[in-house]
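Worksheet: one structure, shown below.
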Amino acid sequence: MVKIRLKKGEGRTISAGGLWVYDNEIAEADGTYLNGEIVEVVSYKDDFIGYGYINDHSKIRIRMLSRYQNETIDDAFFHRLLENALNYRLNVLDDLSSFRVVFSDADRLPGLIVDKYEDILVFEIDTLGMDMRKDILVKEILSVFDEKSLTIKGIYERSDSRVRSLEGLEKVTGPLYGECLDEVIIQENGIRFLVDIANGQKTGHFLDQKENHYAIRNLCRDKKVLDCCTHTGGFALSAAMTAKEVTGIDASKTAIEQAKRNSELNGFTNTEFLVADIFDYLNELEESDEKYDVIILDPPAFTKSKNSIKNASKGYREINYRAMKCLKSGGFLVTCSCSEYITRDLFTRIILQSANDAHKRLKMIECRAQSKDHPIILGNNISEYLKCLIFEVNDR
């Protein structure tokens with residue numbers, strides 16, 4: 001096995017729990033290797049650090065798999081990691097109908113996402129190291145589910161994210177195992193959703209907001225609710241279980257059509273879905289003097305890099321300011337950020353700035369994160385990406 005030696009002073013992030021080795025941290029290799037191959041990572045003093053797979057196409061040169069020198073990276077290794085990932089969900093989740101089975105680095109399987117929708121699994125593979133081991137992963141995850149007496153009828157691949165190009169990979173979609181329909185009906189907190197596993201965003205549904213969807217129901221009881229960036233209606237339909245009326249808006253016509261279908265699937269008569277830009281809609285709403293009891297903000301990530309944090313902060317500040325101006329005094333704001341670069345502290349400061357600009361006073365009700373099937377690993381900042389803050393908003 002080829003040894004990759006780090007520069008003097010590098011490797012501290014790995015020692016602190018990090019899982020990535022960047023190209024500028026590497027001093028030398030003691031031999032030749034193929035991209036995607038397992039390599040041994042050592043310090044500049046030749047002390048063992050761990051094993052990972054390497055790819056010269058990526059700035060993240062090595063993604064760590066193991067810290068144990070006597071561990072063999074073989075089929076049995078991946079079986080253990082997949083079994084550990086499933087066992088964690090079986091222990092912490094109440095509803096096992098649909099959930100995230102594997103959350104990439106958080107489950108020591110960097111580059112692999114696996115979501116379960118009823119009896120269908122959806123794979124998203126973003127790295128060369130995992131892509132090369134796709135057959136092993138399919139075989140072992142089926143074995144793990146079978147050992148737990150959990151039936152899987154099909155596996156569908158949605159490896160079509162833009163980050164694959166950074167790994168030198170082409171986009172790939174289609175069935176990997178069994179028979180998969182393009183759409184699956186799932187149950188989430190008593191609500192049915194059509195999940196488009198073939199063409200929907202990500203793997204078809206945002207499972208990370210599942211617990212947050214449920215958390216807003218009491219706040220919305222008998223209220224007039226606005227759900228901004230509703231996508232396929234996750235927050236809106238959860239609100240509709242108790243609200244007087246719910247309006248969901250999204251810039252995507254496709255998402256709005258799906259939200260309408262989901263509403264009809266559940267027989268809701270208190271929902272309306274509109275195609276609209278969030279900034280334009282809130283501006284027009286403020287000018288009309290119409291007020292809501294509850295406003296939910298769940299926009300796409302405004303930044304995917306450290307370089308655009310400043311501009312992203314301005315965007316979050318603007319939409320939260322506009323939302324507060326459109327709330328009745330004593331109303332509720334549910335505001336989210338799904339960018340790992342907008343930390344919880346920074347996001348809280350942004351909301352406070354918005355409140356000051358809008359001359360509002362905030363009372364924090366809850367500070368939430370992603371659902372438990374998307375675990376947060378201390379020392380691995382990218383695993384804590386979703387923030388969901390809930391406030392009562394009052395006039396000063």
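Ordering of the structure tokens sets the chain letters (A, B, ...), residue numbers begin anew at 1 in every chain, and ligands are numbered from 1 in the order given.
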For the interface of range 28-126 of chain A with range 158-174 of chain A (cut-off 6 Å, counting only C-alpha atoms), please tabulate each contacting residue of range 28-126 of chain A alongside its nearest pair of atoms and their separation in Å to one decimal, rows sorted by chain and increasing number, as JSON lines.
{"residue": "A:His57", "atom": "CA", "partner": "A:Glu167", "partner_atom": "CA", "distance": 5.4}
{"residue": "A:Ser58", "atom": "CA", "partner": "A:Glu167", "partner_atom": "CA", "distance": 5.4}
{"residue": "A:Phe123", "atom": "CA", "partner": "A:Arg158", "partner_atom": "CA", "distance": 5.9}
{"residue": "A:Glu124", "atom": "CA", "partner": "A:Ser159", "partner_atom": "CA", "distance": 4.6}
{"residue": "A:Ile125", "atom": "CA", "partner": "A:Ser159", "partner_atom": "CA", "distance": 5.2}
{"residue": "A:Asp126", "atom": "CA", "partner": "A:Arg164", "partner_atom": "CA", "distance": 5.1}
Phe302 in chain A surroundings by only C-alpha atoms, 8 Å radius, close-in-sequence under 5 positions cut, as a count of residues only
4
Using only C-alpha atoms, determine which residues lie at most 9 Å from Lys45 in chain A, disregarding the query and same-chain residues fewer than 6 positions distant; provide the list as a PyMOL selection string.
chain A and resi 5-6+8
Which residue is closest to Val21 in chain A? Choose from A:Leu194, A:Val101, A:Ala276, A:Val42 and count only C-alpha atoms.
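Residue with the minimum atom-to-atom distance to Val21 in chain A: A:Val42.
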As a PyMOL selection string, please: every residue in range 61-296 of chain A that a backbone DSSP assignment puts in strand (DSSP E).
chain A and resi 61-66+98-103+112-117+120-125+154-159+172-178+183-188+191-196+224-228+245-250+271-275+292-296
Here is a test: counting only C-alpha atoms, which residue of A:Val294, A:Asn283, A:Ile14, A:Glu37 is nearest to Gly248 in chain A?
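When distances to Gly248 in chain A are compared using only C-alpha atoms, the smallest one comes from A:Val294.
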Which polymer residues have any atom within 12 Å of an atom of Ser104 in chain A, counting only C-alpha atoms, with same-chain residues fewer than 2 positions away left out, as an NGL selection string?
:A and (19 or 63-65 or 81-82 or 85 or 100-102 or 106-115 or 123-127 or 130 or 373-377 or 380 or 382-383)
Deliver the residues from the most recent selection as a file, using C-alpha atoms, as an mmCIF file, in the first residue's frame.
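Result file is result.cif:
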data_model
loop_
_atom_site.group_PDB
_atom_site.id
_atom_site.type_symbol
_atom_site.label_atom_id
_atom_site.label_comp_id
_atom_site.auth_asym_id
_atom_site.auth_seq_id
_atom_site.Cartn_x
_atom_site.Cartn_y
_atom_site.Cartn_z
ATOM 1 C CA LEU A 19 -11.873 13.410 7.604
ATOM 2 C CA ARG A 63 -10.992 11.099 2.276
ATOM 3 C CA MET A 64 -10.364 9.099 5.417
ATOM 4 C CA LEU A 65 -12.021 5.743 6.040
ATOM 5 C CA LEU A 81 -19.909 0.532 8.467
ATOM 6 C CA LEU A 82 -23.271 0.082 6.751
ATOM 7 C CA ALA A 85 -25.164 3.274 10.158
ATOM 8 C CA ARG A 100 -31.515 8.681 5.694
ATOM 9 C CA VAL A 101 -29.568 5.447 6.069
ATOM 10 C CA VAL A 102 -26.084 6.794 5.289
ATOM 11 C CA ALA A 106 -20.878 11.360 9.442
ATOM 12 C CA ASP A 107 -21.107 7.576 8.948
ATOM 13 C CA ARG A 108 -17.436 7.197 7.921
ATOM 14 C CA LEU A 109 -18.555 6.604 4.321
ATOM 15 C CA PRO A 110 -17.420 9.840 2.629
ATOM 16 C CA GLY A 111 -19.140 10.516 -0.664
ATOM 17 C CA LEU A 112 -22.067 8.155 -0.086
ATOM 18 C CA ILE A 113 -25.657 9.182 0.642
ATOM 19 C CA VAL A 114 -28.381 6.541 0.998
ATOM 20 C CA ASP A 115 -32.036 7.443 1.591
ATOM 21 C CA PHE A 123 -28.004 6.087 -3.699
ATOM 22 C CA GLU A 124 -26.142 9.332 -4.293
ATOM 23 C CA ILE A 125 -22.422 8.789 -4.891
ATOM 24 C CA ASP A 126 -20.246 11.898 -5.189
ATOM 25 C CA THR A 127 -16.669 10.600 -5.013
ATOM 26 C CA MET A 130 -17.124 5.241 -3.512
ATOM 27 C CA ASP A 373 -30.926 10.484 10.836
ATOM 28 C CA HIS A 374 -28.515 13.231 9.661
ATOM 29 C CA PRO A 375 -26.129 13.017 12.665
ATOM 30 C CA ILE A 376 -23.827 15.873 13.651
ATOM 31 C CA ILE A 377 -20.251 14.793 14.319
ATOM 32 C CA ASN A 380 -16.618 17.709 11.484
ATOM 33 C CA ILE A 382 -19.791 20.172 7.492
ATOM 34 C CA SER A 383 -22.072 17.666 9.238
#
Could you list, as a list in words, every residue within 7 Å of Ser238 in chain A, counting only C-alpha atoms and ignoring same-chain residues fewer than 6 positions away?
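Near Ser238 in chain A, the qualifying residues are His213, Tyr214 and Arg217 of chain A.
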Would you list the contacts of Ser329 in chain A as a ChimeraX atom specification, taking every protein, DNA or RNA residue within 12 Å and counting only C-alpha atoms, but skipping same-chain residues closer than 5 positions in sequence?
/A:291-294,323-324,358-363,391-396
Selection above as a file: N, CA and C atoms, as a PDB file, in the first residue's frame:
ATOM      1  N   LYS A 291     -50.970  40.869   6.573  1.00  0.00           N
ATOM      2  CA  LYS A 291     -50.138  40.291   7.621  1.00  0.00           C
ATOM      3  C   LYS A 291     -50.465  38.814   7.834  1.00  0.00           C
ATOM      4  N   TYR A 292     -49.428  38.060   8.192  1.00  0.00           N
ATOM      5  CA  TYR A 292     -49.579  36.638   8.495  1.00  0.00           C
ATOM      6  C   TYR A 292     -49.313  36.392   9.975  1.00  0.00           C
ATOM      7  N   ASP A 293     -49.862  35.288  10.484  1.00  0.00           N
ATOM      8  CA  ASP A 293     -49.602  34.867  11.859  1.00  0.00           C
ATOM      9  C   ASP A 293     -48.293  34.091  11.965  1.00  0.00           C
ATOM     10  N   VAL A 294     -47.976  33.337  10.920  1.00  0.00           N
ATOM     11  CA  VAL A 294     -46.758  32.515  10.892  1.00  0.00           C
ATOM     12  C   VAL A 294     -46.130  32.633   9.507  1.00  0.00           C
ATOM     13  N   ALA A 323     -39.743  39.304   5.999  1.00  0.00           N
ATOM     14  CA  ALA A 323     -40.712  38.415   6.648  1.00  0.00           C
ATOM     15  C   ALA A 323     -41.225  39.023   7.950  1.00  0.00           C
ATOM     16  N   MET A 324     -40.333  39.602   8.738  1.00  0.00           N
ATOM     17  CA  MET A 324     -40.757  40.212  10.002  1.00  0.00           C
ATOM     18  C   MET A 324     -41.711  41.382   9.771  1.00  0.00           C
ATOM     19  N   ALA A 358     -35.901  46.006  11.356  1.00  0.00           N
ATOM     20  CA  ALA A 358     -37.365  46.017  11.232  1.00  0.00           C
ATOM     21  C   ALA A 358     -38.061  46.571  12.479  1.00  0.00           C
ATOM     22  N   HIS A 359     -37.262  46.951  13.491  1.00  0.00           N
ATOM     23  CA  HIS A 359     -37.796  47.476  14.758  1.00  0.00           C
ATOM     24  C   HIS A 359     -38.714  46.451  15.430  1.00  0.00           C
ATOM     25  N   LYS A 360     -38.186  45.207  15.474  1.00  0.00           N
ATOM     26  CA  LYS A 360     -38.934  44.117  16.101  1.00  0.00           C
ATOM     27  C   LYS A 360     -38.155  43.571  17.295  1.00  0.00           C
ATOM     28  N   ARG A 361     -38.869  42.928  18.182  1.00  0.00           N
ATOM     29  CA  ARG A 361     -38.274  42.282  19.349  1.00  0.00           C
ATOM     30  C   ARG A 361     -38.511  40.782  19.236  1.00  0.00           C
ATOM     31  N   LEU A 362     -37.443  40.011  19.415  1.00  0.00           N
ATOM     32  CA  LEU A 362     -37.523  38.562  19.217  1.00  0.00           C
ATOM     33  C   LEU A 362     -37.504  37.810  20.539  1.00  0.00           C
ATOM     34  N   LYS A 363     -38.327  36.795  20.600  1.00  0.00           N
ATOM     35  CA  LYS A 363     -38.303  35.840  21.707  1.00  0.00           C
ATOM     36  C   LYS A 363     -38.041  34.457  21.102  1.00  0.00           C
ATOM     37  N   PHE A 391     -38.983  31.861  16.344  1.00  0.00           N
ATOM     38  CA  PHE A 391     -39.110  33.041  17.191  1.00  0.00           C
ATOM     39  C   PHE A 391     -40.560  33.508  17.272  1.00  0.00           C
ATOM     40  N   GLU A 392     -40.914  34.107  18.401  1.00  0.00           N
ATOM     41  CA  GLU A 392     -42.073  34.981  18.461  1.00  0.00           C
ATOM     42  C   GLU A 392     -41.566  36.385  18.145  1.00  0.00           C
ATOM     43  N   VAL A 393     -42.266  37.075  17.235  1.00  0.00           N
ATOM     44  CA  VAL A 393     -41.831  38.392  16.769  1.00  0.00           C
ATOM     45  C   VAL A 393     -42.838  39.442  17.223  1.00  0.00           C
ATOM     46  N   ASN A 394     -42.366  40.419  17.978  1.00  0.00           N
ATOM     47  CA  ASN A 394     -43.246  41.466  18.509  1.00  0.00           C
ATOM     48  C   ASN A 394     -42.770  42.847  18.077  1.00  0.00           C
ATOM     49  N   ASP A 395     -43.705  43.759  17.958  1.00  0.00           N
ATOM     50  CA  ASP A 395     -43.345  45.157  17.738  1.00  0.00           C
ATOM     51  C   ASP A 395     -42.648  45.691  18.986  1.00  0.00           C
ATOM     52  N   ARG A 396     -41.732  46.612  18.803  1.00  0.00           N
ATOM     53  CA  ARG A 396     -41.050  47.209  19.950  1.00  0.00           C
ATOM     54  C   ARG A 396     -41.953  48.205  20.668  1.00  0.00           C
TER      55      ARG A 396
END
Shell of 10 Å around Thr232 in chain A, only C-alpha atoms, local chain residues under 3 positions omitted, as a ChimeraX atom specification:
/A:193-195,200-201,204-206,229,235-237,248-250,252,254-263,273
Could you please write out, as a ChimeraX atom specification, every residue of range 9-239 of chain A that DSSP assigns to alpha helix (DSSP H)?
/A:12-15,75-92,128-131,134-147,210-215,234-239
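Nearest-residue note for Asp289 in chain A: choosing from A:Met1, A:Ile185, A:Leu327, A:Ile319, the minimum distance belongs to A:Leu327, counting only C-alpha atoms.
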Given only C-alpha atoms as the counted atoms, nearest of A:Leu389, A:Ile120, A:Val92, A:Ala76 to Val144 in chain A
A:Ala76
